[in-house]
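K.L.:
Here you go, this is entry-v4.pdb (PDB, C-alpha atoms).
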ATOM      1  CA  MET A 114      12.526   0.383  12.042
ATOM      2  CA  LYS A 115      12.789   2.573  15.079
ATOM      3  CA  THR A 116      10.719   5.725  15.229
ATOM      4  CA  GLU A 117      12.646   8.715  16.526
ATOM      5  CA  PHE A 118      10.977  11.362  18.612
ATOM      6  CA  GLU A 119      11.561  15.018  19.232
ATOM      7  CA  ILE A 120       9.604  17.419  21.374
ATOM      8  CA  THR A 121       9.038  21.116  20.765
ATOM      9  CA  ASP A 122       6.758  22.892  23.250
ATOM     10  CA  ASN A 123       3.556  20.880  23.229
ATOM     11  CA  ILE A 124       4.256  19.133  19.927
ATOM     12  CA  LEU A 125       5.476  15.575  19.573
ATOM     13  CA  ILE A 126       7.454  15.065  16.377
ATOM     14  CA  ALA A 127       7.758  11.477  15.187
ATOM     15  CA  LYS A 128      10.357  10.825  12.546
ATOM     16  CA  LEU A 129       9.368   7.612  10.786
ATOM     17  CA  SER A 130      11.832   5.569   8.827
ATOM     18  CA  GLY A 131      12.096   2.476   6.664
ATOM     19  CA  GLU A 132       9.103   0.762   5.120
ATOM     20  CA  ILE A 133       5.592   1.152   6.489
ATOM     21  CA  ASP A 134       3.383  -1.849   5.843
ATOM     22  CA  HIS A 135       0.743  -3.597   7.886
ATOM     23  CA  HIS A 136       3.403  -5.353   9.952
ATOM     24  CA  GLU A 137       5.533  -2.277  10.739
ATOM     25  CA  ALA A 138       2.476  -0.089  11.279
ATOM     26  CA  ALA A 139       1.599  -1.935  14.493
ATOM     27  CA  ASP A 140       4.953  -1.017  16.091
ATOM     28  CA  ILE A 141       4.828   2.553  14.822
ATOM     29  CA  ARG A 142       1.340   3.023  16.264
ATOM     30  CA  SER A 143       2.240   1.763  19.716
ATOM     31  CA  ASP A 144       5.523   3.746  19.710
ATOM     32  CA  ILE A 145       3.769   6.988  18.874
ATOM     33  CA  ASP A 146       0.800   6.439  21.167
ATOM     34  CA  GLY A 147       3.029   5.438  24.071
ATOM     35  CA  THR A 148       5.276   8.480  23.685
ATOM     36  CA  TYR A 149       2.326  10.819  23.143
ATOM     37  CA  ALA A 150       0.704   9.623  26.360
ATOM     38  CA  ALA A 151       3.931   9.519  28.385
ATOM     39  CA  PHE A 152       4.955  13.100  27.589
ATOM     40  CA  LYS A 153       1.390  14.445  27.653
ATOM     41  CA  LYS A 154       1.791  16.463  24.493
ATOM     42  CA  LYS A 155      -1.054  17.988  22.535
ATOM     43  CA  HIS A 156      -0.095  17.859  18.870
ATOM     44  CA  ILE A 157       1.597  15.284  16.680
ATOM     45  CA  ILE A 158       3.763  15.853  13.627
ATOM     46  CA  MET A 159       4.683  12.816  11.562
ATOM     47  CA  ASP A 160       7.745  13.219   9.391
ATOM     48  CA  PHE A 161       7.764  10.828   6.425
ATOM     49  CA  SER A 162      10.975  12.087   4.833
ATOM     50  CA  GLY A 163      12.912   8.980   5.894
ATOM     51  CA  VAL A 164      10.260   6.528   4.709
ATOM     52  CA  SER A 165      11.066   4.477   1.628
ATOM     53  CA  PHE A 166       7.807   2.589   1.188
ATOM     54  CA  VAL A 167       4.208   3.045   2.332
ATOM     55  CA  ASP A 168       1.090   1.079   1.556
ATOM     56  CA  SER A 169      -2.465   1.718   2.721
ATOM     57  CA  SER A 170      -1.556   0.894   6.318
ATOM     58  CA  GLY A 171       0.117   4.318   6.388
ATOM     59  CA  ILE A 172      -3.358   5.800   5.969
ATOM     60  CA  GLY A 173      -4.487   3.906   9.069
ATOM     61  CA  VAL A 174      -1.510   5.178  11.055
ATOM     62  CA  ILE A 175      -2.333   8.785  10.164
ATOM     63  CA  MET A 176      -6.081   8.402  10.729
ATOM     64  CA  GLY A 177      -5.556   6.781  14.113
ATOM     65  CA  ARG A 178      -3.179   9.537  15.267
ATOM     66  CA  TYR A 179      -5.588  12.173  14.008
ATOM     67  CA  LYS A 180      -8.338  10.691  16.209
ATOM     68  CA  LYS A 181      -5.997  10.596  19.222
ATOM     69  CA  THR A 182      -4.996  14.240  18.925
ATOM     70  CA  ALA A 183      -8.545  15.334  18.093
ATOM     71  CA  GLU A 184      -9.777  13.817  21.367
ATOM     72  CA  ASN A 185      -7.174  15.975  23.047
ATOM     73  CA  GLY A 186      -8.069  19.114  21.125
ATOM     74  CA  GLY A 187      -4.765  18.837  19.277
ATOM     75  CA  ILE A 188      -3.664  18.950  15.667
ATOM     76  CA  THR A 189      -2.021  16.257  13.534
ATOM     77  CA  ALA A 190       0.306  17.379  10.793
ATOM     78  CA  ILE A 191       2.474  15.455   8.352
ATOM     79  CA  CYS A 192       5.561  16.454   6.434
ATOM     80  CA  GLY A 193       8.215  15.079   4.140
ATOM     81  CA  CYS A 194       5.706  13.227   1.926
ATOM     82  CA  SER A 195       6.870  12.012  -1.456
ATOM     83  CA  GLU A 196       4.709  12.598  -4.492
ATOM     84  CA  TYR A 197       3.855   8.932  -4.403
ATOM     85  CA  LEU A 198       2.803   8.889  -0.745
ATOM     86  CA  ARG A 199       0.721  11.961  -1.379
ATOM     87  CA  SER A 200      -1.151  10.119  -4.130
ATOM     88  CA  ILE A 201      -2.063   7.297  -1.738
ATOM     89  CA  LEU A 202      -3.133   9.709   1.000
ATOM     90  CA  TYR A 203      -5.130  11.726  -1.478
ATOM     91  CA  MET A 204      -7.164   8.629  -2.409
ATOM     92  CA  ALA A 205      -8.294   8.303   1.193
ATOM     93  CA  GLY A 206      -8.996  12.023   1.611
ATOM     94  CA  ILE A 207      -6.410  12.351   4.383
ATOM     95  CA  PHE A 208      -5.691  15.976   3.502
ATOM     96  CA  THR A 209      -9.175  16.994   4.583
ATOM     97  CA  ILE A 210      -8.382  16.097   8.203
ATOM     98  CA  VAL A 211      -4.608  16.409   8.484
ATOM     99  CA  LYS A 212      -2.419  19.405   7.728
ATOM    100  CA  GLU A 213       0.576  19.017   5.493
ATOM    101  CA  ALA A 214       3.826  20.953   5.441
ATOM    102  CA  LYS A 215       6.939  20.623   3.352
ATOM    103  CA  ASN A 216       9.389  19.873   6.131
ATOM    104  CA  LYS A 217       9.586  19.544   9.888
ATOM    105  CA  GLU A 218      10.338  23.223  10.535
ATOM    106  CA  ASP A 219       7.385  24.353   8.430
ATOM    107  CA  ALA A 220       5.162  21.803  10.134
ATOM    108  CA  VAL A 221       6.061  23.159  13.576
ATOM    109  CA  LYS A 222       5.309  26.713  12.421
ATOM    110  CA  LEU A 223       2.043  25.545  10.879
ATOM    111  CA  VAL A 224       0.872  23.804  14.034
ATOM    112  CA  LYS A 225       1.792  26.805  16.194
ATOM    113  CA  ARG A 226       0.003  29.163  13.843
ATOM    114  CA  LEU A 227      -3.126  27.011  13.801
ATOM    115  CA  GLU A 228      -3.081  26.696  17.547
ATOM    116  CA  ALA A 229      -2.718  30.447  17.965
ATOM    117  CA  ALA A 230      -5.512  31.053  15.486
ATOM    118  CA  GLU A 231      -7.758  28.678  17.404
ATOM    119  CA  SER A 232      -7.181  30.408  20.709
ATOM    120  CA  GLY A 233      -7.590  33.821  19.092
ATOM    121  CA  GLU A 234      -4.028  34.923  19.656
ATOM    122  CA  ILE A 235      -1.846  36.392  17.000
ATOM    123  CA  PHE A 236       1.009  34.121  16.173
ATOM    124  CA  GLN A 237       4.385  35.618  16.873
ATOM    125  CA  GLU A 238       6.944  34.342  14.435
ATOM    126  CA  GLU A 239       8.745  31.660  16.435
ATOM    127  CA  LYS A 240       9.447  33.539  19.653
ATOM    128  CA  GLU A 241      12.016  30.944  20.596
ATOM    129  CA  ALA A 242      12.934  28.323  18.099
ATOM    130  CA  GLU A 243      13.400  24.858  19.599
TER     131      GLU A 243
ATOM    132  CA  MET B 260     -13.455 -10.364 -17.535
ATOM    133  CA  SER B 261     -12.948  -9.187 -21.097
ATOM    134  CA  GLY B 262     -10.228  -7.387 -22.972
ATOM    135  CA  ILE B 263      -6.868  -8.457 -24.226
ATOM    136  CA  TYR B 264      -5.663  -9.889 -20.958
ATOM    137  CA  SER B 265      -8.189 -12.651 -20.533
ATOM    138  CA  GLU B 266      -7.761 -13.942 -24.053
ATOM    139  CA  ARG B 267      -4.112 -14.594 -23.614
ATOM    140  CA  HIS B 268      -2.293 -17.183 -21.673
ATOM    141  CA  THR B 269      -3.262 -16.817 -18.046
ATOM    142  CA  LEU B 270      -1.811 -18.085 -14.821
ATOM    143  CA  GLU B 271      -2.653 -21.726 -14.273
ATOM    144  CA  LYS B 272      -5.513 -21.368 -11.867
ATOM    145  CA  THR B 273      -7.432 -18.439 -13.357
ATOM    146  CA  GLU B 274      -9.569 -20.918 -15.241
ATOM    147  CA  SER B 275     -12.726 -18.865 -15.035
ATOM    148  CA  ALA B 276     -11.159 -15.885 -16.705
ATOM    149  CA  SER B 277     -12.068 -16.608 -20.273
ATOM    150  CA  GLU B 278     -13.442 -19.164 -22.635
ATOM    151  CA  THR B 279     -10.385 -18.866 -24.845
ATOM    152  CA  ALA B 280      -7.943 -19.425 -22.019
ATOM    153  CA  ASN B 281      -7.315 -23.029 -22.947
ATOM    154  CA  GLU B 282      -6.529 -22.284 -26.551
ATOM    155  CA  PRO B 283      -2.967 -23.294 -27.247
ATOM    156  CA  VAL B 284      -0.622 -20.382 -27.714
ATOM    157  CA  LYS B 285       0.873 -20.381 -31.166
ATOM    158  CA  LYS B 286       4.530 -19.727 -30.880
ATOM    159  CA  GLY B 287       5.460 -19.429 -34.540
ATOM    160  CA  ASP B 288       3.712 -16.339 -35.834
ATOM    161  CA  THR B 289       4.531 -13.822 -33.139
ATOM    162  CA  ALA B 290       6.071 -11.277 -35.454
ATOM    163  CA  GLU B 291       3.005  -9.888 -37.207
ATOM    164  CA  VAL B 292       0.153 -10.635 -34.847
ATOM    165  CA  LYS B 293       2.256  -9.505 -31.868
ATOM    166  CA  GLU B 294       1.127 -12.420 -29.838
ATOM    167  CA  SER B 295       1.667 -11.835 -26.162
ATOM    168  CA  VAL B 296       3.323 -14.876 -24.667
ATOM    169  CA  ALA B 297       4.429 -15.535 -21.119
ATOM    170  CA  VAL B 298       8.203 -15.561 -21.129
ATOM    171  CA  ASN B 299       8.989 -15.963 -17.474
ATOM    172  CA  LYS B 300       7.277 -17.238 -14.367
ATOM    173  CA  MET B 301       7.918 -17.399 -10.673
ATOM    174  CA  ARG B 302       6.001 -19.007  -7.844
ATOM    175  CA  THR B 303       6.671 -18.585  -4.175
ATOM    176  CA  GLU B 304       4.878 -19.890  -1.126
ATOM    177  CA  PHE B 305       5.420 -18.417   2.307
ATOM    178  CA  ALA B 306       3.937 -18.586   5.796
ATOM    179  CA  ALA B 307       0.886 -16.385   6.275
ATOM    180  CA  LEU B 308       2.621 -13.909   8.552
ATOM    181  CA  ALA B 309       2.549 -10.138   8.376
ATOM    182  CA  VAL B 310       6.329 -10.076   8.467
ATOM    183  CA  ASN B 311       6.368 -11.772   5.046
ATOM    184  CA  GLU B 312       4.664  -8.817   3.363
ATOM    185  CA  ALA B 313       8.085  -7.230   3.006
ATOM    186  CA  PHE B 314       9.478 -10.450   1.538
ATOM    187  CA  ALA B 315       6.634 -10.772  -0.974
ATOM    188  CA  ARG B 316       6.993  -7.274  -2.386
ATOM    189  CA  ALA B 317      10.773  -7.487  -2.502
ATOM    190  CA  ALA B 318      10.564 -10.843  -4.310
ATOM    191  CA  ALA B 319       8.056  -9.480  -6.844
ATOM    192  CA  ALA B 320      10.194  -6.378  -7.381
ATOM    193  CA  ALA B 321      13.307  -8.504  -7.926
ATOM    194  CA  PHE B 322      11.497 -10.718 -10.409
ATOM    195  CA  PHE B 323      10.083  -7.860 -12.480
ATOM    196  CA  SER B 324      13.213  -5.739 -12.372
ATOM    197  CA  ARG B 325      14.416  -7.912 -15.274
ATOM    198  CA  LEU B 326      12.001  -5.842 -17.392
ATOM    199  CA  ASP B 327      13.726  -2.638 -16.366
ATOM    200  CA  PRO B 328      10.593  -0.904 -15.101
ATOM    201  CA  THR B 329      10.614   2.726 -14.002
ATOM    202  CA  VAL B 330      10.955   3.532 -10.317
ATOM    203  CA  GLU B 331       7.256   4.520 -10.240
ATOM    204  CA  GLU B 332       6.158   1.272 -11.846
ATOM    205  CA  LEU B 333       8.223  -0.735  -9.399
ATOM    206  CA  THR B 334       6.795   1.182  -6.439
ATOM    207  CA  GLU B 335       3.270   0.634  -7.753
ATOM    208  CA  ILE B 336       3.897  -3.100  -8.115
ATOM    209  CA  LYS B 337       5.361  -3.305  -4.613
ATOM    210  CA  THR B 338       2.443  -1.419  -3.110
ATOM    211  CA  ALA B 339      -0.174  -3.558  -4.863
ATOM    212  CA  VAL B 340       1.586  -6.775  -3.782
ATOM    213  CA  SER B 341       1.820  -5.484  -0.241
ATOM    214  CA  GLU B 342      -1.930  -4.786  -0.197
ATOM    215  CA  ALA B 343      -2.841  -8.179  -1.644
ATOM    216  CA  VAL B 344      -0.620 -10.076   0.802
ATOM    217  CA  SER B 345      -1.881  -7.958   3.726
ATOM    218  CA  ASN B 346      -5.441  -8.879   2.764
ATOM    219  CA  ALA B 347      -4.559 -12.575   2.654
ATOM    220  CA  VAL B 348      -2.898 -12.420   6.072
ATOM    221  CA  ILE B 349      -5.259 -10.054   7.875
ATOM    222  CA  HIS B 350      -8.531 -11.126   6.355
ATOM    223  CA  GLY B 351      -7.958 -14.533   4.765
ATOM    224  CA  TYR B 352      -6.139 -15.980   7.752
ATOM    225  CA  GLN B 353      -7.665 -13.640  10.328
ATOM    226  CA  GLY B 354      -4.410 -12.003  11.374
ATOM    227  CA  GLY B 355      -1.971 -14.635  10.204
ATOM    228  CA  SER B 356      -0.860 -18.146  10.950
ATOM    229  CA  ALA B 357       2.559 -19.756  10.756
ATOM    230  CA  ASP B 358       0.960 -23.058   9.707
ATOM    231  CA  LYS B 359      -0.879 -21.623   6.703
ATOM    232  CA  THR B 360       0.655 -20.319   3.536
ATOM    233  CA  VAL B 361       0.097 -17.638   0.954
ATOM    234  CA  VAL B 362       1.077 -18.339  -2.639
ATOM    235  CA  MET B 363       2.317 -15.627  -4.949
ATOM    236  CA  GLU B 364       2.730 -16.329  -8.653
ATOM    237  CA  CYS B 365       4.333 -13.809 -10.958
ATOM    238  CA  GLU B 366       4.748 -13.855 -14.684
ATOM    239  CA  TYR B 367       5.486 -11.479 -17.497
ATOM    240  CA  GLU B 368       4.802 -11.586 -21.185
ATOM    241  CA  ASN B 369       6.984 -10.373 -24.001
ATOM    242  CA  SER B 370       4.576  -7.486 -24.562
ATOM    243  CA  GLY B 371       5.346  -6.076 -21.107
ATOM    244  CA  ILE B 372       2.156  -7.302 -19.478
ATOM    245  CA  ILE B 373       2.821  -8.489 -15.972
ATOM    246  CA  LYS B 374       0.585 -10.627 -13.802
ATOM    247  CA  ILE B 375       0.715 -11.301 -10.109
ATOM    248  CA  ALA B 376      -1.646 -13.721  -8.413
ATOM    249  CA  VAL B 377      -1.849 -13.863  -4.638
ATOM    250  CA  SER B 378      -3.886 -16.743  -3.249
ATOM    251  CA  ASP B 379      -4.826 -17.949   0.192
ATOM    252  CA  CYS B 380      -6.951 -20.794   1.506
ATOM    253  CA  GLY B 381      -8.514 -18.632   4.186
ATOM    254  CA  VAL B 382     -12.024 -17.561   5.074
ATOM    255  CA  GLY B 383     -12.809 -16.003   1.709
ATOM    256  CA  ILE B 384     -14.811 -12.886   0.950
ATOM    257  CA  LYS B 385     -18.576 -12.920   1.333
ATOM    258  CA  ASP B 386     -19.316 -10.001  -0.928
ATOM    259  CA  VAL B 387     -16.494  -9.070  -3.287
ATOM    260  CA  GLU B 388     -18.304  -5.984  -4.597
ATOM    261  CA  GLU B 389     -18.620  -4.630  -1.095
ATOM    262  CA  ALA B 390     -15.041  -5.527  -0.171
ATOM    263  CA  ARG B 391     -13.727  -3.576  -3.142
ATOM    264  CA  ARG B 392     -15.523  -0.416  -2.124
ATOM    265  CA  PRO B 393     -13.247   2.329  -0.764
ATOM    266  CA  LEU B 394     -13.135   2.532   3.022
ATOM    267  CA  PHE B 395     -14.817  -0.843   3.480
ATOM    268  CA  THR B 396     -13.064  -2.811   6.187
ATOM    269  CA  THR B 397     -13.845  -5.790   8.350
ATOM    270  CA  GLY B 398     -11.286  -4.647  10.893
ATOM    271  CA  ASP B 399     -11.045  -1.889  13.432
ATOM    272  CA  ALA B 400     -12.171   1.184  11.504
ATOM    273  CA  GLU B 401      -9.768   3.424  13.374
ATOM    274  CA  GLU B 402      -6.598   1.661  12.320
ATOM    275  CA  ARG B 403      -7.674  -0.068   9.094
ATOM    276  CA  SER B 404      -8.165   2.309   6.269
ATOM    277  CA  GLY B 405     -10.175  -0.029   4.054
ATOM    278  CA  MET B 406      -8.248   1.278   1.085
ATOM    279  CA  GLY B 407      -6.434  -1.908   0.044
ATOM    280  CA  PHE B 408      -8.431  -2.724  -3.081
ATOM    281  CA  THR B 409      -8.693   0.940  -4.018
ATOM    282  CA  VAL B 410      -4.912   1.244  -3.923
ATOM    283  CA  MET B 411      -4.490  -1.963  -5.963
ATOM    284  CA  GLU B 412      -7.011  -0.749  -8.530
ATOM    285  CA  SER B 413      -5.390   2.618  -8.961
ATOM    286  CA  PHE B 414      -1.869   1.245  -9.320
ATOM    287  CA  MET B 415      -2.642  -1.729 -11.549
ATOM    288  CA  ASP B 416      -4.518  -1.860 -14.852
ATOM    289  CA  ARG B 417      -6.825  -4.617 -13.754
ATOM    290  CA  VAL B 418      -7.619  -6.382 -10.492
ATOM    291  CA  ALA B 419      -9.553  -9.647 -10.578
ATOM    292  CA  VAL B 420     -10.872 -11.197  -7.401
ATOM    293  CA  GLU B 421     -12.087 -14.760  -7.155
ATOM    294  CA  SER B 422     -13.282 -15.827  -3.763
ATOM    295  CA  GLU B 423     -15.396 -18.443  -2.106
ATOM    296  CA  GLU B 424     -16.409 -18.320   1.513
ATOM    297  CA  GLY B 425     -14.544 -20.858   3.583
ATOM    298  CA  LYS B 426     -12.322 -21.839   0.648
ATOM    299  CA  GLY B 427     -10.082 -18.904   0.016
ATOM    300  CA  THR B 428      -9.344 -15.939  -2.183
ATOM    301  CA  ARG B 429      -7.282 -15.329  -5.254
ATOM    302  CA  VAL B 430      -6.414 -11.800  -6.310
ATOM    303  CA  THR B 431      -4.909 -11.346  -9.760
ATOM    304  CA  LEU B 432      -3.150  -8.089 -10.530
ATOM    305  CA  ILE B 433      -2.415  -7.180 -14.122
ATOM    306  CA  LYS B 434      -0.394  -4.266 -15.364
ATOM    307  CA  SER B 435       1.072  -3.292 -18.674
ATOM    308  CA  LEU B 436       4.569  -1.912 -18.323
ATOM    309  CA  ASP B 437       5.780   0.730 -20.659
ATOM    310  CA  ILE B 438       8.663  -1.227 -22.120
ATOM    311  CA  SER B 439       9.962  -2.453 -25.402
ATOM    312  CA  TYR B 440      11.131  -5.714 -23.939
ATOM    313  CA  TYR B 441      11.056  -8.570 -26.391
ATOM    314  CA  GLY B 442      12.510 -12.038 -26.234
ATOM    315  CA  VAL B 443      14.724 -14.071 -23.905
TER     316      VAL B 443
END
Can you present the structure in this file as structure tokens?
P.N.:
Amino acid sequence: MKTEFEITDNILIAKLSGEIDHHEAADIRSDIDGTYAAFKKKHIIMDFSGVSFVDSSGIGVIMGRYKKTAENGGITAICGCSEYLRSILYMAGIFTIVKEAKNKEDAVKLVKRLEAAESGEIFQEEKEAE
Amino acid sequence: MSGIYSERHTLEKTESASETANEPVKKGDTAEVKESVAVNKMRTEFAALAVNEAFARAAAAAFFSRLDPTVEELTEIKTAVSEAVSNAVIHGYQGGSADKTVVMECEYENSGIIKIAVSDCGVGIKDVEEARRPLFTTGDAEERSGMGFTVMESFMDRVAVESEEGKGTRVTLIKSLDISYYGV
């Protein structure tokens, strides 16, 4: 399945779709890493709302992206997780390193707020959306 | 290796499972004793390629959908199969090989107990205890979560691993579905 990308300020949003298993994970990883490097963005948001199946390779995809953004001083956030995906991610303790939001819009707000908090600024409610 | 599962009819090759495994299954008196008997079986063999993970879980899901499992149960089965087949391809065959095959055997019993055995003739596991530990991985720690067995264990009732170095590995997944299926 093709991963779709969207860019908001310095955030790369990857909308994943289809089934994520060990086989698909390899393509997803290189797609995200390639786009992240090409557009020189800081943060990554992974949207799982279009994903119908995930096994433990999904954990690897998230962990790997977390390391990439962390090297860059960025944040990795995920959104659109089903109850079932959450249970798998919980097993691996993913929520201790990655932020979770309900949907894409909330995830963008969350990342901006965290970034502002880090740099000591006060977050202004979405000065210009999109 | 104890409990109700090992005493009943097991998949052909799980010989080590129990001393009572070879006992013939009595078909007559199922009514009172509620004997759990295998009522359907399926065996599929496919090339040890990562692309076949999707095939394996879809095939298992199609086979067990006869039992009318819940969506959660079906997702759990698919995930566990996906993990077992990934292990066979990534670890057993060191990334996969079109010349080698992975065998998946599925069966269900009239009590709703389902069994899935995934076997490979790959490198085998040196230390099964260690391999089953969460976060243990032989691969690149950054991209491999090492959560395969942990996921299988949490989604299935029992996970048995038989492995010999250089010979191969056989992972048997057992789960009791919440159904009132009986017969056919």
K.L.:
Looking at all atoms listed in the file, which of B:Glu332, B:Glu304, B:Glu388, B:Glu421 is the one that sits closest to chain A?
P.N.:
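Among B:Glu332, B:Glu304, B:Glu388, B:Glu421, it is B:Glu332 that comes nearest to chain A.
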K.L.:
Counting only C-alpha atoms, a student should be able to say which residues of chain A come within 12 Å of chain B; what is the right answer, written as a PyMOL selection string?
P.N.:
chain A and resi 131-143+165-181+195-198+200-207
K.L.:
Quick one: residues within 12 Å of Lys128 in chain A, all atoms listed in the file, excluding same-chain residues fewer than 2 positions away - as a list in words?
P.N.:
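So, after excluding close chain neighbours, the residues are Met114, Lys115, Thr116, Glu117, Phe118, Glu119, Ile120, Leu125, Ile126, Ser130, Gly131, Ile141, Asp144, Ile145, Ile157, Ile158, Met159, Asp160, Phe161, Ser162, Gly163, Val164, Ile191, Cys192, Gly193, Cys194, Asn216 and Lys217 of chain A.
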K.L.:
Once the PyMOL selection byres ((chain B and resi 296) around 7) has been applied to the shown file, what residues remain in the selection, as a list in words?
P.N.:
His268, Glu294, Ser295, Ala297, Val298, Glu368 and Asn369 of chain B
K.L.:
Show which residues sit within 8 Å of Arg302 in chain B, as a PyMOL selection string. Count only C-alpha atoms, and ignore same-chain residues fewer than 3 positions away.
P.N.:
chain B and resi 362-365
K.L.:
Written as a PyMOL selection string, which residues does the PyMOL selection byres ((chain A and resi 212) around 6) give for the file shown?
P.N.:
chain A and resi 190+211+213
K.L.:
Quick one: apply the PyMOL selection byres ((chain A and resi 152) around 10) to the file and drop the selected residues here as a PyMOL selection string.
P.N.:
chain A and resi 120+123-125+147-151+153-155
K.L.:
Which one of B:Ile372, B:Lys385, B:Gln353, B:Lys300 sits closest to Pro328 in chain B if you count all atoms listed in the file?
P.N.:
B:Ile372
K.L.:
Between CA of Ala321 in chain B and CA of Tyr352 in chain B, what is the spacing in Å?
P.N.:
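Taking CA of Tyr352 in chain B as the start and CA of Ala321 in chain B as the end point, the length is 26.1 Å.
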K.L.:
In Å, rounded to a single decimal, give me how far CA of Thr360 in chain B is from CA of Arg325 in chain B.
P.N.:
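Between CA of Arg325 in chain B and CA of Thr360 in chain B the gap is 26.4 Å.
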K.L.:
Quick one: pull the distance between CA of Ile433 in chain B and CA of Phe323 in chain B, Å, one decimal.
P.N.:
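Between CA of Ile433 in chain B and CA of Phe323 in chain B the gap is 12.6 Å.
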K.L.:
So, counting only C-alpha atoms, which residue among B:Ala307, B:Gly351, B:Arg316, B:Arg392 is closest to Arg429 in chain B?
P.N.:
B:Gly351
K.L.:
Closest to Asp122 in chain A among A:Ala220, A:Ser232, A:Phe208, A:His156, using only C-alpha atoms?
P.N.:
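The shortest atom-to-atom distance to Asp122 in chain A comes from A:His156.
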K.L.:
Show me, as a list in words, the residues that have an atom within 6 Å of Ile373 in chain B when counting all atoms listed in the file, minus same-chain residues fewer than 4 positions from it.
P.N.:
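These residues fall inside the cut-off: Glu366, Tyr367, Ile433 and Lys434 of chain B.
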K.L.:
Could you name the residues that touch Val430 in chain B at 8 Å or less, counting all atoms listed in the file, but leaving out those on the same chain fewer than 6 positions away, as a list of chain:residue names?
P.N.:
B:Ala343, B:Ala376, B:Val377, B:Ser378, B:Val418, B:Ala419, B:Val420, B:Glu421
